[in-house]
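Just below is one structure, and these are the notes that go with it.
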Amino acid sequence: MQIIVNDANILIDLLKIDLVDSFFQLPYQMHTTEEVFAEVEDLNKKVLETYINANQFQVKVFEYPEIINITQLFEKHSSLSFQDCGCFFYSELLSSPLLTGDKNLRKTAESYKIKVYGILWVFDQLLSNDIISSDLAHKKLVQLMDINPRLPLVECKKRLNIWKD
């Protein structure tokens, strides 16, 4: 099963629009880092712990040599947070795609030839795997657009037009 490394912003968005259960039905092994998991509010951590306990969500705890590597990336890439650098490092370490909505992290990862997906990819996957209906996708994307102004508006509108029927 393919591993996908998750950044906090995707997890937080999915929690806010109540699509976490659907997300963990996707045919991927979801991973994140301890630093990213720490960014999630305590109440939401409890929701995610259900998936950790079911072995559907792995949280990587870095060892000292890995932290040194992440620190070097952090020093090299001033536009990224330490948590971003951890996701980037972990994704590279596993040769796995990275799931993020962070523009700077996306650009940096792509410059290292790491495959990067965003929240719209998640919606596409939920639909193509028959986990949610197009009506629900439309409703949830509208909801997400109301709370996340950083979404790619043109791509969102394209999907909304397709899903409205």
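Chain lettering (A, B, ...) mirrors the order of the structure tokens, residue numbering begins at 1 for each chain separately, and ligand numbering begins at 1 in order of display.
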
Each residue of stretch 82-154 of chain A with at least one atom at most 12 Å from stretch 159-164 of chain A should appear once, together with its nearest atom pair and the corresponding distance in Å (one decimal); atoms considered: only C-alpha atoms; ordering: chain, then increasing residue number; output as a Markdown table.
| residue | atom | partner | partner_atom | distance |
| --- | --- | --- | --- | --- |
| A:Leu120 | CA | A:Arg159 | CA | 8.6 |
| A:Trp121 | CA | A:Arg159 | CA | 10.9 |
| A:Phe123 | CA | A:Arg159 | CA | 9.4 |
| A:Asp124 | CA | A:Arg159 | CA | 9.0 |
| A:Leu127 | CA | A:Trp163 | CA | 9.9 |
| A:Ile132 | CA | A:Trp163 | CA | 11.4 |
| A:Ser133 | CA | A:Trp163 | CA | 8.8 |
| A:Ser134 | CA | A:Trp163 | CA | 5.0 |
| A:Asp135 | CA | A:Trp163 | CA | 6.4 |
| A:Leu136 | CA | A:Trp163 | CA | 8.8 |
| A:Ala137 | CA | A:Trp163 | CA | 7.1 |
| A:His138 | CA | A:Leu160 | CA | 5.7 |
| A:Lys139 | CA | A:Leu160 | CA | 8.9 |
| A:Lys140 | CA | A:Leu160 | CA | 10.1 |
| A:Leu141 | CA | A:Leu160 | CA | 7.6 |
| A:Val142 | CA | A:Leu160 | CA | 8.0 |
| A:Gln143 | CA | A:Leu160 | CA | 11.6 |
| A:Leu144 | CA | A:Leu160 | CA | 11.9 |
| A:Met145 | CA | A:Leu160 | CA | 10.9 |
| A:Pro152 | CA | A:Arg159 | CA | 11.0 |
| A:Leu153 | CA | A:Arg159 | CA | 10.0 |
| A:Val154 | CA | A:Arg159 | CA | 8.8 |

Residue selection dump (C-alpha atoms) as a PDB file, in the first residue's frame:
ATOM      1  CA  LEU A 120      -8.344  18.846  -4.036  1.00  0.00           C
ATOM      2  CA  TRP A 121      -6.486  15.615  -4.751  1.00  0.00           C
ATOM      3  CA  PHE A 123     -11.525  15.164  -2.846  1.00  0.00           C
ATOM      4  CA  ASP A 124     -10.729  13.574  -6.220  1.00  0.00           C
ATOM      5  CA  LEU A 127     -14.831  10.447  -5.338  1.00  0.00           C
ATOM      6  CA  ILE A 132     -18.306  10.101  -0.973  1.00  0.00           C
ATOM      7  CA  SER A 133     -20.877  11.293  -3.497  1.00  0.00           C
ATOM      8  CA  SER A 134     -20.418  14.274  -5.786  1.00  0.00           C
ATOM      9  CA  ASP A 135     -23.201  16.043  -3.848  1.00  0.00           C
ATOM     10  CA  LEU A 136     -21.296  15.610  -0.596  1.00  0.00           C
ATOM     11  CA  ALA A 137     -18.014  16.626  -2.270  1.00  0.00           C
ATOM     12  CA  HIS A 138     -19.687  19.806  -3.524  1.00  0.00           C
ATOM     13  CA  LYS A 139     -21.116  20.614  -0.089  1.00  0.00           C
ATOM     14  CA  LYS A 140     -17.824  19.953   1.730  1.00  0.00           C
ATOM     15  CA  LEU A 141     -15.721  21.925  -0.748  1.00  0.00           C
ATOM     16  CA  VAL A 142     -18.049  24.927  -0.411  1.00  0.00           C
ATOM     17  CA  GLN A 143     -17.727  24.575   3.367  1.00  0.00           C
ATOM     18  CA  LEU A 144     -13.933  24.384   3.092  1.00  0.00           C
ATOM     19  CA  MET A 145     -13.776  27.409   0.792  1.00  0.00           C
ATOM     20  CA  PRO A 152      -6.831  27.500  -5.546  1.00  0.00           C
ATOM     21  CA  LEU A 153     -10.067  29.267  -6.521  1.00  0.00           C
ATOM     22  CA  VAL A 154     -10.042  28.366 -10.238  1.00  0.00           C
TER      23      VAL A 154
END

Excluding A:His77 and residues on its chain fewer than 6 positions from it, collect all residues at most 10 Å away from it, counting only C-alpha atoms, and give them as a list of chain:residue names.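 So the residues in contact are A:Thr71, A:Asp84, A:Cys85, A:Asn104, A:Leu105, A:Thr108.
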
Which is closest to A:Glu35 among A:Thr100, A:Gln83, A:Asn69, A:Ser78, if we use only C-alpha atoms?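 The shortest atom-to-atom distance to A:Glu35 comes from A:Gln83.
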
Write out as a list in words the set of residues from stretch 34-74 of chain A that DSSP, computed on the backbone, places in strand (DSSP E or B). Phe57, Gln58, Val59 and Lys60 of chain A

Write out, as a PDB file, in the first residue's frame, the residues just selected, with C-alpha atoms.
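The file below, part.pdb, is the result:
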ATOM      1  CA  PHE A  57      -2.198   6.423  10.697  1.00  0.00           C
ATOM      2  CA  GLN A  58       1.484   6.342  11.618  1.00  0.00           C
ATOM      3  CA  VAL A  59       3.237   9.118  13.526  1.00  0.00           C
ATOM      4  CA  LYS A  60       6.996   9.181  12.991  1.00  0.00           C
TER       5      LYS A  60
END

Nearest-residue call for A:Ile10, choices A:Asp102, A:Asp130, A:Asp42, A:Glu75, using only C-alpha atoms: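 Counting only C-alpha atoms, the residue closest to A:Ile10 is A:Asp102.
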
Tell me which protein, DNA and RNA residues are within 8 Å of A:Val116, counting only C-alpha atoms, leaving out same-chain ones fewer than 6 positions away, and put them as a list in words. Pro97, Leu98, Leu99, Thr100, Arg106, Ala109 and Glu110 of chain A

Considering only C-alpha atoms, return as a VMD selection string whatever protein or nucleic-acid residues lie within 10 Å of stretch 23-29 of chain A, sequence-local ones (same chain, fewer than 2 positions apart) excluded. chain A and resid 1 to 5 11 14 to 15 18 to 21 31 48 51 55 to 58 122 to 123 125 to 126 128 to 132

Closest of A:Glu41, A:Leu151, A:Ser96, A:Thr33 to A:Ile67 - atom-to-atom distances counting only C-alpha atoms: A:Thr33

Grab the atom CA of A:Pro149 to atom CA of A:Lys115 distance for me, in Å with one decimal place.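 Answer for the atom CA of A:Pro149 to atom CA of A:Lys115 separation: 23.6 Å.
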